[in-house]
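The structure appears right after this line, and notes come after that.
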Amino acid sequence: MTYSFDLSRTMTCDVAVVGGGTAGVFAAIAAARSGAKTVLIEKNNVPGGTMTVADVCYPGLFFAWGKRIIGGPCWESVERTIALGGAELPPITFKPVRHWHEQIRMNRFVYTHVLFEMLREAGVELLASCMLSHISEEDDGLTLLVTGKSGLFAVKAKTAIDATGDANLCAMAGYALMKSPTQQPATLSNHLSGYTLTDEIREAIRCAGAQADLPPSVTADRILHYLATHKFNMHIPSIDAETSEGKTSLERRALEDMMKVYAFCRSIKGLENLTVDYVAQETGVRETNRVLGETVITAEDYISGVRYPDSVCYAFYPIDLHVMDGIEQTFHEENVVAKIPYRALIPKGSRRILCAGRCISSDTYANSAVRVEAVCMATGQAAGVAAALCAAQNIPAAAVDYAGLCRGLQTIGAILPE
């Protein structure tokens, strides 16, 4: 298929990062700090992805068994947010009562500002409100057709990173993908106000809940939990959210389900003034496509902490597979920390494309752990440094010297598996 567009509107760069979310923003910063001229293409109007537009702004986990295991620009972003009064580091212990106690609660406004500043300081060309429309691979690099608010233009790059979360770039380029038969549900962040939870309200909800027109997974006990936490923390079935049609359906379903619970609650005496005073810009998606890479991270290797010969970062989060009626979890044994291999960032057979974030090569259960934000940040940094080396040396992704990659990661302050 031939596409016609104005080649006079062409940008050139060493590294093009598609997706400026949790992984992509740090892939771009790492590539730029490694000497690559870098362009970052982001569909939203601000960087940060799930952390900013979906308001899941509490990354974890940077620590394992009392020791910090992830460094580099992503950790710098946390430190800078703390310095501006936008976060506090929680108590770090060898073994917290709950693993999520060591997630770092970030102020979304401050954190978004920090990301903009770090991208600017690194010299990254951020193209917000833009989406990839087509990609072609040539002998000397890649041509990305991008749709912006003023129309179509081209970005010519020596190498590219798929940080879309949905493997959109790899899909367009024709690389093999994996997808679970049933994807994890999604969640739309929100906040409730306008009420005080009383025993009378609790009893009324328990009595009326069984007869109400509520989403299948929502029970009276769940509603009471929502009210106690001041948010409808509902699981929304997520089907094909990597497509425009699937994402549209998800967003509509999320609001419809929330409205059912909202209407039910407001019908209860004492909750007449309940208000949804905040809802995130988009629903947080946990799972869509995964790239079939040069290696696949399995749940067994992840939870046992296998050290790959090309390990590029640590990961420390339990296997955390969300299902409609709960979560299936498996935790690491004491002093065990998972690692991520570089080959899991390379789509099988790819020369000039890497991936980072939740679409890296992993099976269903391993992906439920590596999809979390601190791990996405760390894989983004690894992909960024590797892409810069590919561009500088004009070599395929698989030919990157591991020792050289390690030196590059250490230069930007990343922590490497021992």
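By convention here, the chains of the structure tokens are called A, B, ... in the order presented, each chain's residues are numbered starting at 1, and ligands are numbered starting at 1 in the order presented.
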Shell of 12 Å around Ala263 of chain A, only C-alpha atoms, local chain residues under 2 positions omitted, as a PDB file with N, CA, C and O atoms, in the first residue's frame:
ATOM      1  N   ALA A 212     -31.183  -3.977  43.305  1.00  0.00           N
ATOM      2  CA  ALA A 212     -30.816  -2.834  42.469  1.00  0.00           C
ATOM      3  C   ALA A 212     -30.250  -3.277  41.118  1.00  0.00           C
ATOM      4  O   ALA A 212     -29.722  -4.381  40.969  1.00  0.00           O
ATOM      5  N   ASP A 213     -30.357  -2.409  40.137  1.00  0.00           N
ATOM      6  CA  ASP A 213     -29.785  -2.628  38.805  1.00  0.00           C
ATOM      7  C   ASP A 213     -28.336  -2.152  38.827  1.00  0.00           C
ATOM      8  O   ASP A 213     -28.028  -1.004  38.504  1.00  0.00           O
ATOM      9  N   LEU A 214     -27.451  -3.059  39.234  1.00  0.00           N
ATOM     10  CA  LEU A 214     -26.041  -2.726  39.386  1.00  0.00           C
ATOM     11  C   LEU A 214     -25.192  -3.582  38.452  1.00  0.00           C
ATOM     12  O   LEU A 214     -25.619  -4.662  38.025  1.00  0.00           O
ATOM     13  N   LEU A 255     -18.156   4.725  32.283  1.00  0.00           N
ATOM     14  CA  LEU A 255     -19.048   5.784  32.766  1.00  0.00           C
ATOM     15  C   LEU A 255     -20.465   5.253  33.001  1.00  0.00           C
ATOM     16  O   LEU A 255     -21.136   5.667  33.963  1.00  0.00           O
ATOM     17  N   GLU A 256     -20.930   4.341  32.141  1.00  0.00           N
ATOM     18  CA  GLU A 256     -22.257   3.762  32.343  1.00  0.00           C
ATOM     19  C   GLU A 256     -22.328   2.995  33.662  1.00  0.00           C
ATOM     20  O   GLU A 256     -23.292   3.132  34.429  1.00  0.00           O
ATOM     21  N   ASP A 257     -21.301   2.176  33.939  1.00  0.00           N
ATOM     22  CA  ASP A 257     -21.306   1.396  35.175  1.00  0.00           C
ATOM     23  C   ASP A 257     -21.205   2.307  36.400  1.00  0.00           C
ATOM     24  O   ASP A 257     -21.871   2.081  37.421  1.00  0.00           O
ATOM     25  N   MET A 258     -20.350   3.330  36.294  1.00  0.00           N
ATOM     26  CA  MET A 258     -20.252   4.276  37.405  1.00  0.00           C
ATOM     27  C   MET A 258     -21.583   4.988  37.647  1.00  0.00           C
ATOM     28  O   MET A 258     -21.994   5.212  38.791  1.00  0.00           O
ATOM     29  N   MET A 259     -22.269   5.334  36.548  1.00  0.00           N
ATOM     30  CA  MET A 259     -23.545   6.046  36.692  1.00  0.00           C
ATOM     31  C   MET A 259     -24.595   5.171  37.379  1.00  0.00           C
ATOM     32  O   MET A 259     -25.398   5.665  38.184  1.00  0.00           O
ATOM     33  N   LYS A 260     -24.584   3.867  37.125  1.00  0.00           N
ATOM     34  CA  LYS A 260     -25.530   2.966  37.788  1.00  0.00           C
ATOM     35  C   LYS A 260     -25.299   2.958  39.297  1.00  0.00           C
ATOM     36  O   LYS A 260     -26.247   3.030  40.090  1.00  0.00           O
ATOM     37  N   VAL A 261     -24.041   2.866  39.690  1.00  0.00           N
ATOM     38  CA  VAL A 261     -23.726   2.842  41.122  1.00  0.00           C
ATOM     39  C   VAL A 261     -24.008   4.210  41.746  1.00  0.00           C
ATOM     40  O   VAL A 261     -24.527   4.302  42.865  1.00  0.00           O
ATOM     41  N   CYS A 265     -26.643   4.868  44.785  1.00  0.00           N
ATOM     42  CA  CYS A 265     -26.222   5.478  46.045  1.00  0.00           C
ATOM     43  C   CYS A 265     -27.066   6.713  46.368  1.00  0.00           C
ATOM     44  O   CYS A 265     -27.504   6.909  47.515  1.00  0.00           O
ATOM     45  N   ARG A 266     -27.345   7.539  45.380  1.00  0.00           N
ATOM     46  CA  ARG A 266     -28.102   8.759  45.622  1.00  0.00           C
ATOM     47  C   ARG A 266     -29.572   8.479  45.955  1.00  0.00           C
ATOM     48  O   ARG A 266     -30.277   9.357  46.458  1.00  0.00           O
ATOM     49  N   SER A 267     -30.015   7.228  45.694  1.00  0.00           N
ATOM     50  CA  SER A 267     -31.390   6.874  46.067  1.00  0.00           C
ATOM     51  C   SER A 267     -31.505   6.483  47.533  1.00  0.00           C
ATOM     52  O   SER A 267     -32.605   6.316  48.056  1.00  0.00           O
ATOM     53  N   ILE A 268     -30.363   6.343  48.200  1.00  0.00           N
ATOM     54  CA  ILE A 268     -30.332   5.963  49.615  1.00  0.00           C
ATOM     55  C   ILE A 268     -30.404   7.214  50.486  1.00  0.00           C
ATOM     56  O   ILE A 268     -29.686   8.194  50.258  1.00  0.00           O
ATOM     57  N   LEU A 271     -27.516   9.839  51.293  1.00  0.00           N
ATOM     58  CA  LEU A 271     -26.552   9.946  50.200  1.00  0.00           C
ATOM     59  C   LEU A 271     -27.090  10.807  49.056  1.00  0.00           C
ATOM     60  O   LEU A 271     -26.540  10.796  47.950  1.00  0.00           O
ATOM     61  N   GLU A 272     -28.153  11.545  49.324  1.00  0.00           N
ATOM     62  CA  GLU A 272     -28.772  12.339  48.261  1.00  0.00           C
ATOM     63  C   GLU A 272     -27.814  13.357  47.652  1.00  0.00           C
ATOM     64  O   GLU A 272     -27.957  13.723  46.474  1.00  0.00           O
ATOM     65  N   ASN A 273     -26.837  13.797  48.414  1.00  0.00           N
ATOM     66  CA  ASN A 273     -25.897  14.820  47.926  1.00  0.00           C
ATOM     67  C   ASN A 273     -24.557  14.237  47.504  1.00  0.00           C
ATOM     68  O   ASN A 273     -23.595  14.985  47.276  1.00  0.00           O
ATOM     69  N   LEU A 274     -24.479  12.907  47.411  1.00  0.00           N
ATOM     70  CA  LEU A 274     -23.231  12.287  46.940  1.00  0.00           C
ATOM     71  C   LEU A 274     -22.869  12.852  45.569  1.00  0.00           C
ATOM     72  O   LEU A 274     -23.716  12.963  44.679  1.00  0.00           O
ATOM     73  N   THR A 275     -21.614  13.194  45.401  1.00  0.00           N
ATOM     74  CA  THR A 275     -21.137  13.793  44.152  1.00  0.00           C
ATOM     75  C   THR A 275     -19.856  13.094  43.691  1.00  0.00           C
ATOM     76  O   THR A 275     -18.986  12.792  44.508  1.00  0.00           O
ATOM     77  N   VAL A 276     -19.783  12.827  42.405  1.00  0.00           N
ATOM     78  CA  VAL A 276     -18.508  12.415  41.794  1.00  0.00           C
ATOM     79  C   VAL A 276     -17.814  13.720  41.407  1.00  0.00           C
ATOM     80  O   VAL A 276     -18.116  14.307  40.367  1.00  0.00           O
TER      81      VAL A 276
END
Any chance you could tabulate, as JSON lines, the residues of segment 258-337 of chain A at most 12 Å from segment 393-408 of chain A with each one's nearest atom pair and distance in Å to one decimal, using only C-alpha atoms, in chain and rising number order?
{"residue": "A:Gly293", "atom": "CA", "partner": "A:Ala398", "partner_atom": "CA", "distance": 10.9}
{"residue": "A:Glu294", "atom": "CA", "partner": "A:Ala398", "partner_atom": "CA", "distance": 8.7}
{"residue": "A:Thr295", "atom": "CA", "partner": "A:Ala398", "partner_atom": "CA", "distance": 11.5}
{"residue": "A:Tyr308", "atom": "CA", "partner": "A:Tyr402", "partner_atom": "CA", "distance": 11.6}
{"residue": "A:Pro309", "atom": "CA", "partner": "A:Tyr402", "partner_atom": "CA", "distance": 8.9}
{"residue": "A:Asp310", "atom": "CA", "partner": "A:Tyr402", "partner_atom": "CA", "distance": 6.5}
{"residue": "A:Ser311", "atom": "CA", "partner": "A:Tyr402", "partner_atom": "CA", "distance": 9.0}
{"residue": "A:Val312", "atom": "CA", "partner": "A:Cys406", "partner_atom": "CA", "distance": 7.3}
{"residue": "A:Cys313", "atom": "CA", "partner": "A:Cys406", "partner_atom": "CA", "distance": 9.8}
Please save N, CA, C and O atoms of the selected residues as a PDB file, in the first residue's frame.
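Written output follows (selection37.pdb):
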ATOM      1  N   GLY A 293       8.839 -11.418  21.895  1.00  0.00           N
ATOM      2  CA  GLY A 293      10.216 -10.961  21.804  1.00  0.00           C
ATOM      3  C   GLY A 293      11.216 -12.063  21.546  1.00  0.00           C
ATOM      4  O   GLY A 293      10.864 -13.235  21.359  1.00  0.00           O
ATOM      5  N   GLU A 294      12.471 -11.673  21.552  1.00  0.00           N
ATOM      6  CA  GLU A 294      13.551 -12.637  21.371  1.00  0.00           C
ATOM      7  C   GLU A 294      13.616 -13.613  22.545  1.00  0.00           C
ATOM      8  O   GLU A 294      14.179 -14.697  22.431  1.00  0.00           O
ATOM      9  N   THR A 295      13.042 -13.229  23.669  1.00  0.00           N
ATOM     10  CA  THR A 295      12.785 -14.157  24.770  1.00  0.00           C
ATOM     11  C   THR A 295      11.479 -13.730  25.426  1.00  0.00           C
ATOM     12  O   THR A 295      11.058 -12.580  25.296  1.00  0.00           O
ATOM     13  N   TYR A 308      19.102 -13.350  34.098  1.00  0.00           N
ATOM     14  CA  TYR A 308      19.405 -13.581  32.699  1.00  0.00           C
ATOM     15  C   TYR A 308      20.807 -13.060  32.375  1.00  0.00           C
ATOM     16  O   TYR A 308      21.298 -12.134  33.034  1.00  0.00           O
ATOM     17  N   PRO A 309      21.454 -13.606  31.350  1.00  0.00           N
ATOM     18  CA  PRO A 309      22.787 -13.094  30.982  1.00  0.00           C
ATOM     19  C   PRO A 309      22.751 -11.671  30.447  1.00  0.00           C
ATOM     20  O   PRO A 309      23.797 -11.022  30.356  1.00  0.00           O
ATOM     21  N   ASP A 310      21.547 -11.175  30.099  1.00  0.00           N
ATOM     22  CA  ASP A 310      21.425  -9.811  29.586  1.00  0.00           C
ATOM     23  C   ASP A 310      20.445  -8.988  30.436  1.00  0.00           C
ATOM     24  O   ASP A 310      19.737  -8.118  29.919  1.00  0.00           O
ATOM     25  N   SER A 311      20.424  -9.228  31.745  1.00  0.00           N
ATOM     26  CA  SER A 311      19.527  -8.490  32.634  1.00  0.00           C
ATOM     27  C   SER A 311      19.835  -6.996  32.588  1.00  0.00           C
ATOM     28  O   SER A 311      20.996  -6.593  32.688  1.00  0.00           O
ATOM     29  N   VAL A 312      18.797  -6.163  32.432  1.00  0.00           N
ATOM     30  CA  VAL A 312      19.013  -4.715  32.328  1.00  0.00           C
ATOM     31  C   VAL A 312      18.391  -3.922  33.472  1.00  0.00           C
ATOM     32  O   VAL A 312      18.711  -2.747  33.665  1.00  0.00           O
ATOM     33  N   CYS A 313      17.493  -4.536  34.242  1.00  0.00           N
ATOM     34  CA  CYS A 313      16.919  -3.829  35.382  1.00  0.00           C
ATOM     35  C   CYS A 313      16.251  -4.829  36.316  1.00  0.00           C
ATOM     36  O   CYS A 313      15.987  -5.978  35.943  1.00  0.00           O
TER      37      CYS A 313
END
At most 9 Å is the cut-off: for each residue in segment 162-210 of chain A with any atom that close to an atom of segment 52-69 of chain A, write down the nearest atom pair and the distance in Å rounded to one decimal, counting only C-alpha atoms, chain first then increasing number, as a Markdown table.
| residue | atom | partner | partner_atom | distance |
| --- | --- | --- | --- | --- |
| A:Thr187 | CA | A:Ala54 | CA | 8.9 |
| A:Leu188 | CA | A:Ala54 | CA | 7.2 |
| A:Ser189 | CA | A:Asp55 | CA | 6.3 |
| A:Asn190 | CA | A:Asp55 | CA | 8.5 |
Now that the selection is made, can you save its residues with N, CA and C atoms as a PDB file, in the first residue's frame?
ATOM      1  N   THR A 187      -9.779   0.217  35.203  1.00  0.00           N
ATOM      2  CA  THR A 187     -10.352   0.989  36.305  1.00  0.00           C
ATOM      3  C   THR A 187     -10.319   2.473  35.956  1.00  0.00           C
ATOM      4  N   LEU A 188     -11.424   3.154  36.202  1.00  0.00           N
ATOM      5  CA  LEU A 188     -11.513   4.597  35.997  1.00  0.00           C
ATOM      6  C   LEU A 188     -11.382   5.294  37.350  1.00  0.00           C
ATOM      7  N   SER A 189     -10.301   6.029  37.543  1.00  0.00           N
ATOM      8  CA  SER A 189     -10.073   6.733  38.812  1.00  0.00           C
ATOM      9  C   SER A 189     -11.081   7.857  39.002  1.00  0.00           C
ATOM     10  N   ASN A 190     -11.507   8.066  40.266  1.00  0.00           N
ATOM     11  CA  ASN A 190     -12.506   9.087  40.561  1.00  0.00           C
ATOM     12  C   ASN A 190     -12.458   9.409  42.041  1.00  0.00           C
TER      13      ASN A 190
END
Can you list every residue in segment 30-278 of chain A that DSSP puts in strand (DSSP E), as a PyMOL selection string?
chain A and resi 38-41+63-64+67-68+125-127+131-138+141-148+151-162+177-178+190-193+275-278
Pick the closest to Val372 of chain A from A:Lys339, A:Arg286, A:Arg351, A:Arg98: which is it, counting only C-alpha atoms?
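When distances to Val372 of chain A are compared using only C-alpha atoms, the smallest one comes from A:Arg286.
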Can you list, as a ChimeraX atom specification, all residues belonging to segment 114-317 of chain A that DSSP tags as helix (DSSP H, G or I)?
/A:114-122,168-173,199-209,220-229,244-266,299-304
Tell me which protein, DNA and RNA residues are within 8 Å of Thr298 of chain A, counting only C-alpha atoms, leaving out same-chain ones fewer than 4 positions away, and put them as a PyMOL selection string.
chain A and resi 302+362-363+365-366
Give me, please, the distance in Å between atom CA of Ala173 of chain A and atom CA of Ile135 of chain A, quoted to one decimal.
6.2 Å
I'd like the contact shell of Ile201 of chain A - 10 Å cut-off, only C-alpha atoms, skipping same-chain residues fewer than 4 positions apart - returned as an NGL selection string.
:A and (196-197 or 205-207 or 224 or 265 or 268-271)
Next, dump the selected residues to file, keeping only N, CA and C atoms, as a PDB file, in the first residue's frame.
ATOM      1  N   THR A 196     -21.583  11.595  54.665  1.00  0.00           N
ATOM      2  CA  THR A 196     -20.918  10.983  55.805  1.00  0.00           C
ATOM      3  C   THR A 196     -21.505   9.594  55.972  1.00  0.00           C
ATOM      4  N   LEU A 197     -20.667   8.584  55.949  1.00  0.00           N
ATOM      5  CA  LEU A 197     -21.138   7.201  56.008  1.00  0.00           C
ATOM      6  C   LEU A 197     -21.581   6.865  57.432  1.00  0.00           C
ATOM      7  N   ILE A 205     -28.153   0.196  52.392  1.00  0.00           N
ATOM      8  CA  ILE A 205     -27.475  -0.336  51.202  1.00  0.00           C
ATOM      9  C   ILE A 205     -27.539  -1.857  51.188  1.00  0.00           C
ATOM     10  N   ARG A 206     -27.336  -2.474  52.342  1.00  0.00           N
ATOM     11  CA  ARG A 206     -27.395  -3.940  52.399  1.00  0.00           C
ATOM     12  C   ARG A 206     -28.801  -4.439  52.055  1.00  0.00           C
ATOM     13  N   CYS A 207     -29.815  -3.706  52.473  1.00  0.00           N
ATOM     14  CA  CYS A 207     -31.196  -4.127  52.204  1.00  0.00           C
ATOM     15  C   CYS A 207     -31.576  -3.923  50.745  1.00  0.00           C
ATOM     16  N   LEU A 224     -20.173  -0.383  49.955  1.00  0.00           N
ATOM     17  CA  LEU A 224     -19.764   0.156  51.254  1.00  0.00           C
ATOM     18  C   LEU A 224     -18.267   0.427  51.288  1.00  0.00           C
ATOM     19  N   CYS A 265     -26.643   4.868  44.785  1.00  0.00           N
ATOM     20  CA  CYS A 265     -26.222   5.478  46.045  1.00  0.00           C
ATOM     21  C   CYS A 265     -27.066   6.713  46.368  1.00  0.00           C
ATOM     22  N   ILE A 268     -30.363   6.343  48.200  1.00  0.00           N
ATOM     23  CA  ILE A 268     -30.332   5.963  49.615  1.00  0.00           C
ATOM     24  C   ILE A 268     -30.404   7.214  50.486  1.00  0.00           C
ATOM     25  N   LYS A 269     -31.278   7.177  51.499  1.00  0.00           N
ATOM     26  CA  LYS A 269     -31.393   8.310  52.409  1.00  0.00           C
ATOM     27  C   LYS A 269     -30.049   8.588  53.086  1.00  0.00           C
ATOM     28  N   GLY A 270     -29.608   9.811  53.021  1.00  0.00           N
ATOM     29  CA  GLY A 270     -28.321  10.209  53.571  1.00  0.00           C
ATOM     30  C   GLY A 270     -27.245  10.355  52.514  1.00  0.00           C
ATOM     31  N   LEU A 271     -27.516   9.839  51.293  1.00  0.00           N
ATOM     32  CA  LEU A 271     -26.552   9.946  50.200  1.00  0.00           C
ATOM     33  C   LEU A 271     -27.090  10.807  49.056  1.00  0.00           C
TER      34      LEU A 271
END
Distance query Pro90 of chain A at most 8 Å, only C-alpha atoms, self and fewer than 6 positions along chain excluded, as a PDB file with C-alpha atoms, in the first residue's frame:
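Written file, selection_1.pdb:
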ATOM      1  CA  HIS A 101       2.521   0.623  51.341  1.00  0.00           C
ATOM      2  CA  GLU A 102       5.800   1.479  49.562  1.00  0.00           C
ATOM      3  CA  GLN A 103       4.141   2.980  46.501  1.00  0.00           C
ATOM      4  CA  ILE A 104       4.954   6.693  46.343  1.00  0.00           C
TER       5      ILE A 104
END
7 Å contact set for Thr147 of chain A, only C-alpha atoms, chain neighbours under 2 positions out, as a ChimeraX atom specification
/A:130-133,145,149,151-153
Residue neighbourhood Ile353 of chain A, 10 Å, only C-alpha atoms, exclusion window fewer than 5 positions, as a ChimeraX atom specification
/A:15-17,137,141-142,158-162,169-170,173,175,345-348,383,387,390,396-397
Kindly save the residues from that selection, with C-alpha atoms included, as a compact mmCIF listing (two decimals), in the first residue's frame.
# COMPACT_ATOMS: atom_id res chain seq x y z
CA VAL A 15 15.47 7.84 18.10
CA ALA A 16 11.72 8.15 17.81
CA VAL A 17 9.73 7.08 20.86
CA GLU A 137 11.28 0.27 7.48
CA GLY A 141 16.11 3.63 9.09
CA LEU A 142 12.41 4.12 9.65
CA LYS A 158 17.38 5.58 12.77
CA THR A 159 15.59 3.52 15.41
CA ALA A 160 12.27 3.58 17.29
CA ILE A 161 10.79 2.47 20.60
CA ASP A 162 7.24 1.18 21.01
CA LEU A 169 3.95 0.47 16.59
CA CYS A 170 4.99 -3.19 16.51
CA ALA A 173 5.34 -2.89 11.56
CA TYR A 175 5.81 -8.04 14.30
CA LEU A 345 12.55 -5.60 24.78
CA ILE A 346 13.33 -6.74 21.21
CA PRO A 347 10.43 -7.88 19.01
CA LYS A 348 11.37 -11.19 17.44
CA ALA A 383 15.27 0.71 25.77
CA ALA A 387 18.17 2.67 20.99
CA CYS A 390 21.78 1.33 17.85
CA PRO A 396 20.48 -3.90 14.84
CA ALA A 397 18.93 -3.99 18.29
To one decimal in Å, tell me the separation between atom CA of Cys74 of chain A and atom CA of Ala374 of chain A.
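These two atoms are separated by 7.9 Å.
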Mind running segment 93-166 of chain A against segment 26-38 of chain A at 8 Å and telling me each contacting residue's nearest atom pair with the distance in Å (one decimal), counting only C-alpha atoms, chain and number ascending, as a tab-separated table?
residue	atom	partner	partner_atom	distance
A:Met118	CA	A:Ile29	CA	7.3
A:Leu119	CA	A:Ile29	CA	6.1
A:Ala122	CA	A:Ala32	CA	5.8
A:Gly123	CA	A:Ala32	CA	6.6
A:Val124	CA	A:Thr38	CA	5.3
A:Glu125	CA	A:Thr38	CA	6.3
A:Ile161	CA	A:Ala27	CA	7.8
